[in-house]
Amino acid sequence: MKISYNWLQNFFEQKLPDAEKLADLLTMHSFEIESLEGNGSDYIFDAKILPNMAHHCLSHRGVASEVSAILEIPMKTASISSKVAQIGKTSSELEIDVSNYNICRRYVGRIIENLEVKQSPRWLKERLESIGQKSINNIVDAANFVMFEIGQPMHIFDLDKLNGNKEVIKISVKNASGGDSITTLDGKDVVLDEDTFIISDEKNPLAIAGIKGGNFAEIGNATKNIIIESANFAPTLIRKTSRRLNTLTDSSKRFENEISPEKALEAMEMMTSLVAEIACGENTIIGDISDFYPKKITQNKIEISLKEINNLLGTNIDKAETEKILKRLNFYFGAENSGENFTVAIPFDRLDVKIKEDLIEEIGRIYGYKKIHEQKISSVAKQISTNKSFYYKNKVRDFLVKNGFSEVYTYSFTDKGEVEMENPIASDKNFLRANLKDGIKKSLDFNLHYADLLGLEQIKIFEIGKIFKDGKETDYLAVGIKNSPSFKGGKEEDEIKIISNTFSKDLGVEIKWEFSEKGIAEIDFEKLIENLPTPESYKDTYAKDRSEKSKYKKISPYPFVLRDIAVFVPQGVEEKDVASIIGKEAGELLVNKKLFDVFVKKFTDGTSKTSFAFRLVFQSQEKTLSDEEINKIMEKVSKLMNTNDGWQVR
């Protein structure tokens, strides 16, 4: 959020610290100031306001309240002086019809007749433009000012453009009907479904509730009569609707983080006062407020003791200091307090303070975390119990890794399953997986392509993870083996059975795999360990000391190239002699070589020669290799081999 230093200053009689110091104070006590830029005689803070502070700090007054608490200086409730508006009898009455008060928790409306739409006064333009907002006209600017001043979004409708009876103007807050559509103020055509909440007159949608207004009742230079809306909407609905319609606005940002319904009336009075000051003429009539507020919220009160505060924070804050901090935060406590106990009334807009721990956190951050000294934690006499599932997962990992397997993590999101996502991350990842085997199969196929690069004849992998099936999530274990064409050993499933028999004896329980296809098996891990004893410690799962040191090798992002070479050599020449020549002449681009065929051939002259066939893998860390480059290397290797007496490249 963009915050103007000069705008903040208008909340205080006392001069604030310079902008850089203020940015540091807010970062250390409230929220991070990501950047600070000069703007003429002003400074603009870019604040990263997280959800816990967004209820009240997505406004200049909210930020000012943080400054007031941190610096312990008094602040005004508004950055401008209010003009008392004279209420009269308008020719039209306002009727509000809300279909669901759990979604629209409050709706405050007011009619103002015979006002004058014109350019905003200079001070108002400067306030909005300082934070990157464009000045439209005095009425729209006033609504935007209120939102950035106290955090309550507003909306204005041109009364004369509405359909229906002009004597009784009916505003409906309801779900859209099938086939409804709206053109928003920025010219975007939006088709509305039945899950979208709208503001409507007797015929047309006027706005997408809490998100964006429509151009049907847009305020223009000819506007004379208006309806002001100050409402409160359920945060979940606004968040889902704005994401579904891909329409994120300053209004939706505030509603989806939730704001108190109590702000709606205050915002209406502030808006009315502004209109009275900058848009009223001799014949202007300001009507009564229509206020739909069926379920009034109650003020949250928290009982807390000084002992609880100090125990959680690790401090020795006394009662006087605690009372002082509570007053700085505008957290009120009455005369019923006795001794070291407090009953604290939380301001309506502090929706983040719900329980004792929230209140203690507020006291701690204003007190200053730098003042809280480290303390040695007392030793724990209680025996720490082991987690059975965690223990046996590590046992399985250790065993399989020792037997040549590598652990993989595959996607929990797939294109099929029993549990469908409401808001999938991609069209082919709209379900939660119902098994591990599908992910193992994809991983085997993918990694087999790199077998030569890795110098492997088998891909052996396993995964321990959650599946979502039969209305619950369950831990499963899956293993997979896939042989390369050059592998001379047995079948994949036979190897899984051999390994399982060994591990079954080690665990003391039979492993009954569900074989889904060649070389892939899975098992319900929770059932597997169900009857196994709970271990007393993790001691035998600790990593053993290894004399062999691990060395990091960068993985190349570029593709590898394969070449095969076979050579006849005289009897007595060994494999290592051939490999040495290949390695020396191929250079650093040769990342792997593997002997894949050996045989002896007797020639017509009576001599016998041995054929060694190698598969060579080339790869660069810097670029994609071309055939021309690799062919030159192969020619060089072949030429050198052919110069040796009795050697012949096939």
# chains A, B, ... in the order shown; residues from 1 in each chain; ligands from 1
$ select_by_dssp --residues "stretch 427-475 of chain A" --states "strand (DSSP E or B)" --output "list in words"
Phe431, Leu432, Gln458, Ile459, Lys460, Ile461, Phe462, Glu463, Ile464, Gly465, Lys466, Ile467, Phe468, Lys469, Lys472, Glu473, Thr474 and Asp475 of chain A
$ write_last_selection --atoms "C-alpha atoms" --output "PDB file, in the first residue's frame"
ATOM      1  CA  PHE A 431      -7.716 -33.474  -8.622  1.00  0.00           C
ATOM      2  CA  LEU A 432      -5.872 -34.736  -5.564  1.00  0.00           C
ATOM      3  CA  GLN A 458      18.258 -49.521 -13.803  1.00  0.00           C
ATOM      4  CA  ILE A 459      16.070 -46.717 -12.487  1.00  0.00           C
ATOM      5  CA  LYS A 460      15.063 -47.571  -8.920  1.00  0.00           C
ATOM      6  CA  ILE A 461      12.866 -45.058  -7.081  1.00  0.00           C
ATOM      7  CA  PHE A 462      10.409 -44.892  -4.174  1.00  0.00           C
ATOM      8  CA  GLU A 463       7.984 -42.413  -2.655  1.00  0.00           C
ATOM      9  CA  ILE A 464       6.273 -42.072   0.708  1.00  0.00           C
ATOM     10  CA  GLY A 465       3.332 -39.685   0.479  1.00  0.00           C
ATOM     11  CA  LYS A 466      -0.317 -38.912   1.037  1.00  0.00           C
ATOM     12  CA  ILE A 467      -3.090 -40.167  -1.198  1.00  0.00           C
ATOM     13  CA  PHE A 468      -6.668 -38.932  -1.062  1.00  0.00           C
ATOM     14  CA  LYS A 469      -9.150 -41.750  -1.331  1.00  0.00           C
ATOM     15  CA  LYS A 472      -9.652 -39.521   3.784  1.00  0.00           C
ATOM     16  CA  GLU A 473      -5.944 -38.976   3.289  1.00  0.00           C
ATOM     17  CA  THR A 474      -3.616 -41.908   3.902  1.00  0.00           C
ATOM     18  CA  ASP A 475       0.142 -42.457   3.904  1.00  0.00           C
TER      19      ASP A 475
END
$ residues_around --residues "A:Ser252" --least-positions-apart "2" --cutoff "7 Å" --atoms "only C-alpha atoms" --output "PyMOL selection string"
chain A and resi 210-211+238+242+248-250+254-256
$ residues_around --residues "A:Tyr367" --least-positions-apart "6" --cutoff "9 Å" --atoms "only C-alpha atoms" --output "list of chain:residue names"
A:Ile70, A:Ile317, A:Glu321, A:Thr322, A:Ile325
$ write_last_selection --atoms "C-alpha atoms" --output "PDB file, in the first residue's frame"
ATOM      1  CA  ILE A  70       4.911   3.535  18.711  1.00  0.00           C
ATOM      2  CA  ILE A 317       6.556  -5.501  32.650  1.00  0.00           C
ATOM      3  CA  GLU A 321       3.713   0.057  31.969  1.00  0.00           C
ATOM      4  CA  THR A 322       1.041  -2.386  30.797  1.00  0.00           C
ATOM      5  CA  ILE A 325       0.806   0.430  26.429  1.00  0.00           C
TER       6      ILE A 325
END
$ residues_around --residues "A:Ile112" --least-positions-apart "6" --cutoff "6 Å" --atoms "only C-alpha atoms" --output "ChimeraX atom specification"
/A:225-226,285-287
$ residues_around --residues "A:Glu116" --least-positions-apart "2" --cutoff "10 Å" --atoms "only C-alpha atoms" --output "PyMOL selection string"
chain A and resi 113-114+118-119+138-139+221-225+275+278-281+284
$ write_last_selection --atoms "C-alpha atoms" --output "PDB file, in the first residue's frame"
ATOM      1  CA  GLU A 113     -30.099  15.937  -4.271  1.00  0.00           C
ATOM      2  CA  ASN A 114     -29.110  19.018  -6.272  1.00  0.00           C
ATOM      3  CA  LYS A 118     -16.973  19.632 -10.673  1.00  0.00           C
ATOM      4  CA  GLN A 119     -13.228  19.457 -10.257  1.00  0.00           C
ATOM      5  CA  ASN A 138     -15.179  15.983  -6.603  1.00  0.00           C
ATOM      6  CA  ILE A 139     -17.758  13.255  -5.843  1.00  0.00           C
ATOM      7  CA  ASN A 221     -20.592  16.124 -15.067  1.00  0.00           C
ATOM      8  CA  ALA A 222     -24.375  16.221 -15.538  1.00  0.00           C
ATOM      9  CA  THR A 223     -25.095  14.299 -12.329  1.00  0.00           C
ATOM     10  CA  LYS A 224     -27.300  16.203  -9.873  1.00  0.00           C
ATOM     11  CA  ASN A 225     -28.728  13.549  -7.551  1.00  0.00           C
ATOM     12  CA  VAL A 275     -19.836  16.457  -0.069  1.00  0.00           C
ATOM     13  CA  ILE A 278     -17.039  20.618  -1.795  1.00  0.00           C
ATOM     14  CA  ALA A 279     -20.210  19.860  -3.793  1.00  0.00           C
ATOM     15  CA  CYS A 280     -23.209  21.521  -2.173  1.00  0.00           C
ATOM     16  CA  GLY A 281     -25.070  24.552  -3.462  1.00  0.00           C
ATOM     17  CA  THR A 284     -28.678  20.874  -2.104  1.00  0.00           C
TER      18      THR A 284
END
$ select_by_dssp --residues "stretch 294-437 of chain A" --states "helix (DSSP H, G or I)" --output "VMD selection string"
chain A and resid 306 to 313 319 to 328 356 to 367 369 to 371 388 to 402 437
$ write_last_selection --atoms "N, CA and C atoms" --output "compact mmCIF listing (two decimals), in the first residue's frame"
# COMPACT_ATOMS: atom_id res chain seq x y z
N LEU A 306 -1.38 -9.86 34.42
CA LEU A 306 0.00 -9.42 34.23
C LEU A 306 0.94 -10.63 34.20
N LYS A 307 0.61 -11.64 34.99
CA LYS A 307 1.43 -12.86 35.03
C LYS A 307 1.43 -13.55 33.68
N GLU A 308 0.26 -13.63 33.04
CA GLU A 308 0.16 -14.28 31.73
C GLU A 308 0.97 -13.52 30.68
N ILE A 309 0.94 -12.20 30.77
CA ILE A 309 1.69 -11.38 29.81
C ILE A 309 3.18 -11.64 29.95
N ASN A 310 3.69 -11.57 31.16
CA ASN A 310 5.12 -11.73 31.38
C ASN A 310 5.61 -13.15 31.16
N ASN A 311 4.76 -14.13 31.47
CA ASN A 311 5.16 -15.53 31.24
C ASN A 311 5.35 -15.82 29.76
N LEU A 312 4.46 -15.28 28.93
CA LEU A 312 4.54 -15.57 27.51
C LEU A 312 5.66 -14.76 26.83
N LEU A 313 5.84 -13.51 27.25
CA LEU A 313 6.85 -12.66 26.62
C LEU A 313 8.24 -12.87 27.22
N LYS A 319 2.52 -3.25 36.12
CA LYS A 319 1.14 -2.89 35.83
C LYS A 319 1.04 -1.51 35.17
N ALA A 320 1.80 -0.56 35.68
CA ALA A 320 1.74 0.80 35.15
C ALA A 320 2.16 0.83 33.68
N GLU A 321 3.24 0.10 33.35
CA GLU A 321 3.71 0.06 31.97
C GLU A 321 2.68 -0.62 31.06
N THR A 322 2.06 -1.68 31.58
CA THR A 322 1.04 -2.39 30.80
C THR A 322 -0.14 -1.47 30.49
N GLU A 323 -0.61 -0.75 31.49
CA GLU A 323 -1.73 0.17 31.29
C GLU A 323 -1.36 1.25 30.27
N LYS A 324 -0.13 1.71 30.35
CA LYS A 324 0.34 2.74 29.44
C LYS A 324 0.32 2.24 28.00
N ILE A 325 0.79 1.01 27.78
CA ILE A 325 0.81 0.43 26.43
C ILE A 325 -0.61 0.22 25.92
N LEU A 326 -1.50 -0.26 26.77
CA LEU A 326 -2.89 -0.49 26.35
C LEU A 326 -3.55 0.82 25.92
N LYS A 327 -3.26 1.89 26.64
CA LYS A 327 -3.82 3.20 26.27
C LYS A 327 -3.25 3.68 24.94
N ARG A 328 -1.97 3.44 24.73
CA ARG A 328 -1.35 3.84 23.45
C ARG A 328 -1.99 3.11 22.27
N LYS A 356 -6.19 -14.09 24.05
CA LYS A 356 -5.17 -13.55 24.95
C LYS A 356 -3.82 -13.39 24.26
N GLU A 357 -3.44 -14.44 23.51
CA GLU A 357 -2.13 -14.42 22.87
C GLU A 357 -2.00 -13.27 21.87
N ASP A 358 -3.10 -12.94 21.19
CA ASP A 358 -3.08 -11.79 20.27
C ASP A 358 -2.81 -10.50 21.03
N LEU A 359 -3.48 -10.36 22.16
CA LEU A 359 -3.32 -9.15 22.97
C LEU A 359 -1.89 -9.05 23.53
N ILE A 360 -1.36 -10.17 23.97
CA ILE A 360 0.01 -10.18 24.50
C ILE A 360 1.01 -9.81 23.40
N GLU A 361 0.77 -10.30 22.19
CA GLU A 361 1.64 -9.95 21.07
C GLU A 361 1.63 -8.45 20.82
N GLU A 362 0.45 -7.84 20.90
CA GLU A 362 0.36 -6.38 20.71
C GLU A 362 1.16 -5.64 21.77
N ILE A 363 1.04 -6.09 23.01
CA ILE A 363 1.80 -5.46 24.10
C ILE A 363 3.29 -5.61 23.85
N GLY A 364 3.69 -6.80 23.41
CA GLY A 364 5.10 -7.08 23.17
C GLY A 364 5.70 -6.22 22.08
N ARG A 365 5.00 -6.06 20.96
CA ARG A 365 5.59 -5.31 19.85
C ARG A 365 5.66 -3.81 20.15
N ILE A 366 4.72 -3.28 20.93
CA ILE A 366 4.80 -1.87 21.30
C ILE A 366 5.84 -1.67 22.40
N TYR A 367 5.94 -2.61 23.31
CA TYR A 367 6.97 -2.56 24.35
C TYR A 367 8.35 -2.58 23.71
N TYR A 369 10.54 -5.58 21.04
CA TYR A 369 11.16 -6.89 21.16
C TYR A 369 12.65 -6.79 21.51
N LYS A 370 13.26 -5.67 21.18
CA LYS A 370 14.67 -5.48 21.52
C LYS A 370 14.89 -5.45 23.03
N LYS A 371 13.85 -5.08 23.76
CA LYS A 371 13.96 -5.01 25.22
C LYS A 371 13.80 -6.37 25.88
N LYS A 388 5.69 -42.78 15.80
CA LYS A 388 5.80 -44.10 15.18
C LYS A 388 5.90 -44.01 13.66
N SER A 389 5.05 -43.21 13.06
CA SER A 389 5.03 -43.09 11.61
C SER A 389 6.35 -42.51 11.10
N PHE A 390 6.82 -41.46 11.75
CA PHE A 390 8.08 -40.82 11.35
C PHE A 390 9.25 -41.80 11.45
N TYR A 391 9.26 -42.59 12.53
CA TYR A 391 10.33 -43.56 12.76
C TYR A 391 10.39 -44.58 11.64
N TYR A 392 9.25 -45.19 11.31
CA TYR A 392 9.26 -46.26 10.31
C TYR A 392 9.43 -45.73 8.88
N LYS A 393 9.03 -44.51 8.65
CA LYS A 393 9.31 -43.91 7.34
C LYS A 393 10.82 -43.79 7.14
N ASN A 394 11.52 -43.38 8.18
CA ASN A 394 12.97 -43.27 8.07
C ASN A 394 13.63 -44.64 7.96
N LYS A 395 13.08 -45.64 8.63
CA LYS A 395 13.60 -47.01 8.50
C LYS A 395 13.48 -47.48 7.05
N VAL A 396 12.31 -47.21 6.45
CA VAL A 396 12.08 -47.60 5.06
C VAL A 396 13.05 -46.86 4.14
N ARG A 397 13.20 -45.58 4.36
CA ARG A 397 14.11 -44.78 3.54
C ARG A 397 15.53 -45.34 3.60
N ASP A 398 16.02 -45.59 4.81
CA ASP A 398 17.38 -46.09 4.97
C ASP A 398 17.58 -47.41 4.23
N PHE A 399 16.61 -48.32 4.37
CA PHE A 399 16.74 -49.63 3.74
C PHE A 399 16.75 -49.52 2.23
N LEU A 400 15.81 -48.76 1.68
CA LEU A 400 15.71 -48.67 0.22
C LEU A 400 16.91 -47.94 -0.39
N VAL A 401 17.38 -46.90 0.27
CA VAL A 401 18.55 -46.18 -0.25
C VAL A 401 19.77 -47.10 -0.26
N LYS A 402 19.93 -47.90 0.79
CA LYS A 402 21.05 -48.84 0.83
C LYS A 402 20.96 -49.87 -0.29
N LYS A 437 1.15 -44.67 -7.68
CA LYS A 437 1.71 -45.42 -8.82
C LYS A 437 1.79 -44.59 -10.10
$ residues_around --residues "A:Asp195" --least-positions-apart "5" --cutoff "12 Å" --atoms "only C-alpha atoms" --output "VMD selection string"
chain A and resid 103 174 to 178 180 208 to 209 237 to 238 240 to 242 244 to 245
$ write_last_selection --atoms "C-alpha atoms" --output "mmCIF file, in the first residue's frame"
data_model
loop_
_atom_site.group_PDB
_atom_site.id
_atom_site.type_symbol
_atom_site.label_atom_id
_atom_site.label_comp_id
_atom_site.auth_asym_id
_atom_site.auth_seq_id
_atom_site.Cartn_x
_atom_site.Cartn_y
_atom_site.Cartn_z
ATOM 1 C CA ILE A 103 -22.942 -11.887 2.898
ATOM 2 C CA LYS A 174 -28.552 -10.057 -4.095
ATOM 3 C CA ASN A 175 -27.156 -12.861 -6.205
ATOM 4 C CA ALA A 176 -27.075 -12.214 -9.931
ATOM 5 C CA SER A 177 -29.533 -14.047 -12.150
ATOM 6 C CA GLY A 178 -28.427 -16.337 -14.959
ATOM 7 C CA ASP A 180 -26.984 -11.013 -16.163
ATOM 8 C CA ILE A 208 -20.343 -6.155 -8.446
ATOM 9 C CA ALA A 209 -20.706 -6.043 -4.670
ATOM 10 C CA LEU A 237 -17.208 -14.090 -0.930
ATOM 11 C CA ILE A 238 -15.253 -11.061 -2.116
ATOM 12 C CA LYS A 240 -13.589 -15.866 -4.351
ATOM 13 C CA THR A 241 -15.531 -13.551 -6.657
ATOM 14 C CA SER A 242 -12.601 -11.240 -7.409
ATOM 15 C CA ARG A 244 -13.053 -15.883 -10.354
ATOM 16 C CA LEU A 245 -13.673 -12.703 -12.336
#
$ atom_distance --atom1 "atom CA of A:Asp186" --atom2 "atom CA of A:Gly213"
9.0 Å
